[in-house]
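Student: File start-v6.csv below, CSV, C-alpha atoms:
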chain,number,residue,atom,x,y,z
V,30,MET,CA,-17.5,101.5,-37.9
V,31,ASP,CA,-19.3,103.8,-35.6
V,32,MET,CA,-20.8,103.5,-32.1
V,33,LEU,CA,-24.1,104.7,-30.7
V,34,LYS,CA,-25.6,104.5,-27.2
V,35,VAL,CA,-28.9,102.7,-27.7
V,36,ASN,CA,-31.3,101.2,-25.1
V,37,GLY,CA,-28.7,101.3,-22.4
V,38,VAL,CA,-26.0,99.6,-24.5
V,39,ASP,CA,-23.3,100.6,-27.0
V,40,LEU,CA,-24.0,99.3,-30.5
V,41,ALA,CA,-21.4,99.1,-33.2
V,42,TYR,CA,-22.7,99.7,-36.7
V,43,ASP,CA,-21.8,100.8,-40.2
V,44,SER,CA,-23.7,101.9,-43.3
V,45,PHE,CA,-23.5,101.6,-47.1
V,46,GLY,CA,-25.3,103.7,-49.7
V,47,ASN,CA,-27.0,107.1,-49.8
V,48,GLU,CA,-28.3,108.3,-46.4
V,49,THR,CA,-31.4,109.6,-48.1
V,50,ASP,CA,-32.4,106.2,-49.5
V,51,ALA,CA,-34.8,103.8,-47.8
V,52,ALA,CA,-33.0,102.0,-45.1
V,53,ILE,CA,-32.5,98.2,-44.8
V,54,LEU,CA,-31.5,97.0,-41.3
V,55,LEU,CA,-29.5,93.8,-41.4
V,56,ILE,CA,-29.7,91.8,-38.1
V,57,ALA,CA,-27.0,89.1,-37.4
V,58,GLY,CA,-27.5,85.6,-36.1
V,59,LEU,CA,-26.7,83.7,-32.9
V,60,GLY,CA,-23.2,84.5,-31.6
V,61,THR,CA,-22.1,86.0,-34.8
V,62,GLN,CA,-21.1,89.6,-35.8
V,63,MET,CA,-22.3,92.1,-38.3
V,64,ILE,CA,-19.4,91.2,-40.7
V,65,ARG,CA,-21.3,88.0,-41.5
V,66,TRP,CA,-23.3,90.4,-43.7
V,67,THR,CA,-20.3,90.7,-46.0
V,68,VAL,CA,-19.3,94.0,-47.7
V,69,PRO,CA,-20.1,92.7,-51.2
V,70,PHE,CA,-23.6,91.7,-50.1
V,71,CYS,CA,-24.2,95.1,-48.5
V,72,GLN,CA,-22.9,96.8,-51.7
V,73,ILE,CA,-25.3,94.8,-53.9
V,74,LEU,CA,-28.2,96.1,-51.8
V,75,ALA,CA,-26.8,99.7,-51.8
V,76,GLU,CA,-26.5,99.7,-55.5
V,77,ARG,CA,-30.2,98.9,-55.8
V,78,GLY,CA,-31.0,102.2,-54.1
V,79,PHE,CA,-31.0,101.3,-50.4
V,80,ARG,CA,-29.2,102.7,-47.3
V,81,VAL,CA,-27.9,99.4,-45.8
V,82,ILE,CA,-27.1,99.4,-42.1
V,83,ARG,CA,-25.5,96.4,-40.4
V,84,PHE,CA,-24.7,96.3,-36.7
V,85,ASP,CA,-23.4,94.1,-33.9
V,86,ASN,CA,-26.2,92.8,-31.6
V,87,ARG,CA,-25.7,93.4,-27.9
V,88,ASP,CA,-23.3,90.9,-26.5
V,89,ALA,CA,-21.5,90.4,-29.8
V,90,GLY,CA,-18.7,91.9,-31.8
V,91,CYS,CA,-17.8,95.5,-30.8
V,92,SER,CA,-21.1,96.2,-29.0
V,93,THR,CA,-21.6,96.0,-25.2
V,94,HIS,CA,-21.0,92.5,-23.8
V,95,PHE,CA,-22.6,90.9,-20.8
V,96,SER,CA,-19.6,88.8,-19.7
V,97,HIS,CA,-20.1,89.9,-16.1
V,98,HIS,CA,-23.2,87.5,-15.9
V,99,ARG,CA,-22.5,84.1,-14.6
V,100,ALA,CA,-22.1,81.3,-17.1
V,101,LEU,CA,-25.4,79.8,-18.4
V,102,ASP,CA,-26.5,76.5,-16.8
V,103,PHE,CA,-28.4,74.8,-19.6
V,104,ASP,CA,-30.0,72.2,-17.3
V,105,ALA,CA,-31.2,75.0,-15.0
V,106,LEU,CA,-32.6,76.9,-17.9
V,107,ALA,CA,-34.5,73.9,-19.3
V,108,ALA,CA,-35.8,73.0,-15.8
V,109,ALA,CA,-37.1,76.6,-15.3
V,110,LEU,CA,-38.8,76.6,-18.7
V,111,MET,CA,-40.4,73.2,-18.1
V,112,SER,CA,-41.8,74.4,-14.8
V,113,GLY,CA,-43.2,77.6,-16.3
V,114,GLN,CA,-40.8,79.8,-14.3
V,115,ARG,CA,-39.0,82.8,-15.7
V,116,PRO,CA,-35.3,82.0,-15.9
V,117,ASP,CA,-32.8,84.6,-14.7
V,118,ILE,CA,-31.2,85.7,-17.9
V,119,PRO,CA,-29.5,89.0,-18.8
V,120,TYR,CA,-31.7,89.9,-21.8
V,121,THR,CA,-34.3,88.7,-24.2
V,122,LEU,CA,-35.0,88.8,-27.9
V,123,ASP,CA,-37.5,91.6,-27.1
V,124,ASP,CA,-34.6,93.6,-25.6
V,125,MET,CA,-32.6,93.0,-28.8
V,126,CYS,CA,-35.6,94.0,-30.9
V,127,ASP,CA,-35.7,97.3,-28.9
V,128,ASP,CA,-32.0,97.7,-29.6
V,129,ALA,CA,-32.8,97.6,-33.4
V,130,ILE,CA,-35.6,100.1,-33.0
V,131,GLY,CA,-33.4,102.3,-30.8
V,132,LEU,CA,-30.6,102.3,-33.4
V,133,LEU,CA,-33.1,103.6,-36.0
V,134,ASP,CA,-34.1,106.3,-33.5
V,135,ALA,CA,-30.5,107.3,-32.9
V,136,LEU,CA,-30.0,107.5,-36.7
V,137,SER,CA,-33.3,109.6,-37.1
V,138,ILE,CA,-34.8,106.9,-39.3
V,139,ASP,CA,-38.6,106.6,-39.0
V,140,ARG,CA,-39.0,103.3,-40.8
V,141,ALA,CA,-36.8,100.6,-42.4
V,142,HIS,CA,-36.9,97.3,-44.1
V,143,PHE,CA,-35.9,94.6,-41.6
V,144,VAL,CA,-33.8,91.7,-42.8
V,145,GLY,CA,-32.6,89.1,-40.2
V,146,ARG,CA,-30.7,85.8,-40.4
V,147,SER,CA,-31.3,82.9,-38.0
V,148,MET,CA,-31.7,84.5,-34.5
V,149,GLY,CA,-31.7,87.9,-36.4
V,150,GLY,CA,-34.7,86.6,-38.3
V,151,MET,CA,-36.5,86.1,-34.9
V,152,ILE,CA,-35.6,89.6,-33.8
V,153,ALA,CA,-36.9,91.0,-37.1
V,154,GLN,CA,-40.1,89.0,-36.7
V,155,ILE,CA,-40.7,90.5,-33.2
V,156,ALA,CA,-40.0,94.0,-34.5
V,157,ALA,CA,-42.6,93.6,-37.3
V,158,SER,CA,-45.1,92.5,-34.8
V,159,ARG,CA,-44.4,94.9,-32.0
V,160,TYR,CA,-43.6,98.0,-34.1
V,161,PRO,CA,-45.7,97.8,-37.3
V,162,GLU,CA,-45.3,101.5,-37.8
V,163,ARG,CA,-41.5,101.2,-38.0
V,164,VAL,CA,-41.1,98.1,-40.2
V,165,LEU,CA,-41.7,98.6,-43.9
V,166,SER,CA,-41.0,95.0,-44.9
V,167,LEU,CA,-39.7,91.8,-43.3
V,168,THR,CA,-37.3,89.3,-44.7
V,169,SER,CA,-36.7,86.4,-42.4
V,170,ILE,CA,-33.8,84.2,-43.5
V,171,MET,CA,-33.0,80.6,-42.2
V,172,SER,CA,-35.0,81.3,-39.1
V,173,SER,CA,-38.0,79.7,-37.3
V,174,SER,CA,-41.3,80.4,-35.7
V,175,GLY,CA,-40.6,79.0,-32.3
V,176,ASN,CA,-43.3,76.3,-32.8
V,177,PRO,CA,-42.4,73.6,-30.2
V,178,ALA,CA,-43.8,70.9,-32.5
V,179,LEU,CA,-41.3,71.5,-35.3
V,180,PRO,CA,-38.6,69.0,-36.0
V,181,GLN,CA,-35.4,69.6,-34.1
V,182,SER,CA,-31.9,70.1,-35.4
V,183,ALA,CA,-29.9,67.0,-36.4
V,184,PRO,CA,-28.4,65.5,-33.2
V,185,ASP,CA,-24.8,65.8,-34.4
V,186,VAL,CA,-25.3,69.4,-35.3
V,187,MET,CA,-26.6,70.2,-31.8
V,188,ALA,CA,-23.6,68.3,-30.3
V,189,MET,CA,-21.1,70.3,-32.5
V,190,MET,CA,-22.8,73.6,-31.7
V,191,THR,CA,-22.8,73.2,-28.0
V,192,LYS,CA,-19.4,71.6,-27.6
V,193,PRO,CA,-17.0,74.2,-26.1
V,194,ALA,CA,-14.3,75.4,-28.6
V,195,PRO,CA,-10.6,75.7,-27.7
V,196,ASN,CA,-9.4,79.2,-26.8
V,197,PRO,CA,-8.3,80.7,-30.1
V,198,PHE,CA,-5.5,82.7,-28.3
V,199,GLU,CA,-4.1,79.4,-26.8
V,200,ASP,CA,-4.9,77.0,-29.6
V,201,GLU,CA,-5.7,78.8,-32.8
V,202,ALA,CA,-5.4,75.6,-34.9
V,203,GLY,CA,-7.8,73.7,-32.7
V,204,PHE,CA,-10.3,76.6,-32.6
V,205,LEU,CA,-10.2,76.9,-36.4
V,206,ALA,CA,-10.7,73.1,-36.8
V,207,HIS,CA,-13.7,73.2,-34.5
V,208,SER,CA,-15.3,76.3,-36.1
V,209,LEU,CA,-14.6,75.2,-39.7
V,210,SER,CA,-16.0,71.7,-39.1
V,211,PHE,CA,-19.2,73.2,-37.8
V,212,ALA,CA,-19.5,75.7,-40.6
V,213,LYS,CA,-19.0,72.9,-43.1
V,214,ARG,CA,-21.6,70.7,-41.5
V,215,ILE,CA,-24.3,73.3,-41.6
V,216,ALA,CA,-23.5,74.5,-45.1
V,217,GLY,CA,-25.6,73.3,-48.0
V,218,THR,CA,-24.6,70.7,-50.6
V,219,GLY,CA,-25.4,72.9,-53.6
V,220,TYR,CA,-22.4,75.3,-53.3
V,221,PRO,CA,-18.7,74.7,-52.7
V,222,PHE,CA,-17.6,75.1,-49.1
V,223,GLU,CA,-14.9,77.8,-49.4
V,224,GLU,CA,-12.7,77.0,-46.4
V,225,ASP,CA,-10.2,79.8,-46.9
V,226,THR,CA,-13.0,82.4,-46.9
V,227,TYR,CA,-14.6,81.0,-43.8
V,228,ARG,CA,-11.2,80.8,-42.0
V,229,GLU,CA,-10.6,84.5,-42.7
V,230,LEU,CA,-14.1,85.4,-41.5
V,231,ILE,CA,-13.7,83.4,-38.3
V,232,LEU,CA,-10.4,84.9,-37.5
V,233,GLU,CA,-11.7,88.4,-38.2
V,234,GLU,CA,-14.5,87.8,-35.7
V,235,VAL,CA,-12.1,86.6,-33.1
V,236,HIS,CA,-9.9,89.7,-33.5
V,237,ARG,CA,-12.9,92.0,-33.3
V,238,ALA,CA,-14.2,90.5,-30.1
V,239,TYR,CA,-13.9,87.0,-28.5
V,240,ASP,CA,-16.4,86.2,-25.8
V,241,PRO,CA,-17.2,82.4,-25.5
V,242,GLY,CA,-20.2,83.2,-23.2
V,243,THR,CA,-22.1,85.1,-25.8
V,244,PHE,CA,-23.5,81.9,-27.4
V,245,GLY,CA,-25.1,80.7,-24.2
V,246,ARG,CA,-26.6,84.0,-23.2
V,247,GLN,CA,-28.2,84.4,-26.7
V,248,ILE,CA,-29.4,80.8,-26.7
V,249,ALA,CA,-31.2,81.7,-23.4
V,250,ALA,CA,-32.8,84.7,-25.1
V,251,ILE,CA,-34.1,82.5,-27.9
V,252,ALA,CA,-35.3,79.9,-25.5
V,253,VAL,CA,-37.5,82.3,-23.5
V,254,SER,CA,-39.0,83.9,-26.6
V,255,GLY,CA,-41.2,80.8,-26.9
V,256,ASP,CA,-43.7,80.2,-29.7
V,257,ARG,CA,-43.9,83.3,-31.9
V,258,ARG,CA,-46.7,82.2,-34.1
V,259,PRO,CA,-49.3,84.4,-32.3
V,260,ARG,CA,-47.0,87.4,-32.9
V,261,LEU,CA,-46.4,86.4,-36.5
V,262,ALA,CA,-50.1,86.3,-37.2
V,263,THR,CA,-50.3,90.0,-36.4
V,264,ILE,CA,-47.7,91.1,-39.0
V,265,GLN,CA,-49.1,93.4,-41.6
V,266,ALA,CA,-45.9,94.3,-43.5
V,267,PRO,CA,-44.9,92.5,-46.7
V,268,ALA,CA,-42.9,89.5,-45.7
V,269,LEU,CA,-40.5,87.1,-47.3
V,270,VAL,CA,-39.2,83.9,-45.7
V,271,ILE,CA,-36.0,82.6,-47.2
V,272,HIS,CA,-34.9,79.1,-46.2
V,273,GLY,CA,-32.3,76.6,-47.3
V,274,GLY,CA,-33.5,73.2,-48.5
V,275,ASP,CA,-30.4,71.6,-46.9
V,276,ASP,CA,-30.5,73.5,-43.6
V,277,PRO,CA,-29.7,71.0,-40.8
V,278,LEU,CA,-29.9,73.5,-38.0
V,279,PHE,CA,-33.4,74.9,-38.7
V,280,VAL,CA,-34.8,72.3,-41.0
V,281,PRO,CA,-36.9,73.4,-44.0
V,282,ALA,CA,-40.1,72.8,-42.0
V,283,CYS,CA,-39.1,75.8,-39.8
V,284,GLY,CA,-39.1,78.1,-42.7
V,285,GLU,CA,-42.4,76.7,-44.0
V,286,ASP,CA,-44.0,77.1,-40.6
V,287,THR,CA,-42.8,80.7,-40.3
V,288,ALA,CA,-44.2,81.6,-43.7
V,289,SER,CA,-47.6,79.9,-43.0
V,290,ALA,CA,-47.9,81.9,-39.8
V,291,ILE,CA,-47.4,85.3,-41.4
V,292,PRO,CA,-50.4,86.4,-43.4
V,293,GLY,CA,-49.7,86.9,-47.1
V,294,SER,CA,-46.0,86.1,-46.8
V,295,GLU,CA,-43.9,84.5,-49.6
V,296,LEU,CA,-41.7,81.5,-49.0
V,297,MET,CA,-38.5,81.2,-51.0
V,298,LEU,CA,-37.1,77.7,-50.4
V,299,ILE,CA,-33.7,77.5,-52.0
V,300,LYS,CA,-32.4,74.1,-53.1
V,301,GLY,CA,-28.9,73.3,-52.0
V,302,MET,CA,-28.7,76.2,-49.5
V,303,GLY,CA,-27.9,75.3,-45.9
V,304,HIS,CA,-27.6,77.5,-42.8
V,305,ASP,CA,-25.4,80.0,-44.5
V,306,LEU,CA,-25.4,82.6,-47.3
V,307,PRO,CA,-23.0,81.5,-50.1
V,308,HIS,CA,-21.9,84.4,-52.3
V,309,GLN,CA,-23.4,82.6,-55.3
V,310,LEU,CA,-26.8,83.4,-53.9
V,311,TYR,CA,-26.2,87.1,-53.0
V,312,HIS,CA,-28.1,88.4,-56.1
V,313,VAL,CA,-31.0,85.9,-55.7
V,314,ILE,CA,-31.4,86.9,-52.0
V,315,ALA,CA,-31.1,90.6,-52.9
V,316,ASP,CA,-33.7,90.1,-55.5
V,317,GLY,CA,-36.1,88.8,-52.9
V,318,ILE,CA,-35.4,91.5,-50.4
V,319,GLU,CA,-35.8,94.2,-53.1
V,320,ARG,CA,-39.1,92.6,-54.4
V,321,THR,CA,-40.5,92.5,-50.9
V,322,ALA,CA,-39.4,96.0,-50.1
V,323,LYS,CA,-41.2,97.3,-53.2
V,324,LEU,CA,-44.5,95.8,-52.0
V,325,SER,CA,-44.4,98.3,-49.1
V,326,ASP,CA,-44.7,101.1,-51.7
V,327,VAL,CA,-48.2,100.0,-52.7
V,328,ARG,CA,-49.6,99.6,-49.2
Let me see whether you can do it: turn the structure in this file into structure tokens.

Tutor:
Amino acid sequence: MDMLKVNGVDLAYDSFGNETDAAILLIAGLGTQMIRWTVPFCQILAERGFRVIRFDNRDAGCSTHFSHHRALDFDALAAALMSGQRPDIPYTLDDMCDDAIGLLDALSIDRAHFVGRSMGGMIAQIAASRYPERVLSLTSIMSSSGNPALPQSAPDVMAMMTKPAPNPFEDEAGFLAHSLSFAKRIAGTGYPFEEDTYRELILEEVHRAYDPGTFGRQIAAIAVSGDRRPRLATIQAPALVIHGGDDPLFVPACGEDTASAIPGSELMLIKGMGHDLPHQLYHVIADGIERTAKLSDVR
């Protein structure tokens, strides 16, 4: 892992493959770290002739955290948004998009293929809209368009996601039970839930960096980004939208709406996939990313 000063923050990143190959930038989701893009998945992409870069978003993992900001008041955030006011939040998805572009600048990479999952998909969408000269292709995975008319997450999923978890350093068993139950709930029905693998990943994230406030601050960044469909309509890069048919967090309509808003995009709706990336789908998803990347060669 390496660190770079980017856009006023320190970003942790690492890289796979040949530095002279076309770059793929992998952007992590809400409250999670770059290690959610597992080493085997990164290696699969690298073996296909890409330089694969994963990084910790600001306020996550080993990158700069914003813990000095006061805890998020969800009621106050909702009230401000309803009244059309600008909430007082530490950063936005546009700031996180600028981090991604700044990381490319720091690595002397002119253009890259952007791949984002969940919140990372939103950041990648914004990058493709704001910086068309920097984004060779876009793959948005298990994300959404921000359309307020879309169906909401299942109520029990929202309740589980927003319920505070026990402190892992005081009650590791309770923290793991909380985290594993949520991971299992949002996983799809088409692939076995590998509890031991998830347990190792969750503990690795805790030991890299534990900051319970990250979730709320990044939720706020998502909330103020609003409806991205006008931005999506301007995207010119080849685009692929991958979504799970079993996703209870961003239901399939979210993926469908995203794809319909991006001109010429492809929708890959995967039966049995939830809001996760099971290893059984690594090659299928890599196929889609590679196919979409190759479309940039003919433009």

Student: I want to know what sits within 12 Å of stretch 260-262 of chain V, based on all atoms listed in the file, with residues of the same chain fewer than 3 positions away left out; could you give that as number ranges by chain?

Tutor: V: 123, 150-161, 167, 169, 173-176, 254-257, 265-268, 270, 286-294

Student: Give the answer as one residue: which of V:Thr226, V:Asn47, V:Ser172, V:Ser325 has the shortest atom-to-atom distance to V:His272, using only C-alpha atoms?

Tutor: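 Smallest separation from V:His272 among the options: V:Ser172.
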
Student: Just checking: using only C-alpha atoms, which residue out of V:Val68, V:Ala315, V:Ile264, V:Val280 ends up closest to V:Leu298?

Tutor: V:Val280

Student: Measuring atom to atom with all atoms listed in the file, identify which of V:Lys300, V:Arg87, V:Arg246, V:Arg228 is nearest to V:Leu33.

Tutor: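 Nearest to V:Leu33: V:Arg87.
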
Student: Using all atoms listed in the file, can you tell me which of V:Leu269, V:Val235, V:Leu106, V:Val313 comes closest to V:Thr61?

Tutor: V:Val235

Student: So, counting all atoms listed in the file, which residue among V:Lys213, V:His304, V:Arg77, V:Arg163 is closest to V:Asp316?

Tutor: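 Smallest separation from V:Asp316 among the options: V:Arg77.
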
Student: Quick one: residues within 9 Å of stretch 185-188 of chain V, all atoms listed in the file, excluding same-chain residues fewer than 5 positions away - as a short mmCIF file (atom, residue, chain, number, x, y, z; two decimals) with C-alpha atoms, keeping the file's coordinate frame?

Tutor:
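And here is the file that came out, around.cif:
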data_model
loop_
_atom_site.label_atom_id
_atom_site.label_comp_id
_atom_site.auth_asym_id
_atom_site.auth_seq_id
_atom_site.Cartn_x
_atom_site.Cartn_y
_atom_site.Cartn_z
CA PHE V 211 -19.20 73.20 -37.80
CA ARG V 214 -21.60 70.70 -41.50
CA ILE V 215 -24.30 73.30 -41.60
CA PRO V 277 -29.70 71.00 -40.80
CA LEU V 278 -29.90 73.50 -38.00
#

Student: Of the residues V:Glu319, V:His98, V:Gly149, V:Ala183, which is the one nearest to V:Glu76, using only C-alpha atoms?

Tutor: V:Glu319

Student: Set the distance at 7 Å and use only C-alpha atoms: which residues neighbour V:Gln62 once local chain neighbours fewer than 5 positions away are removed? I'd like the list as a list of chain:residue names.

Tutor: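 Returned residues: V:Ala57, V:Asp85, V:Ala89, V:Gly90, V:Glu234.
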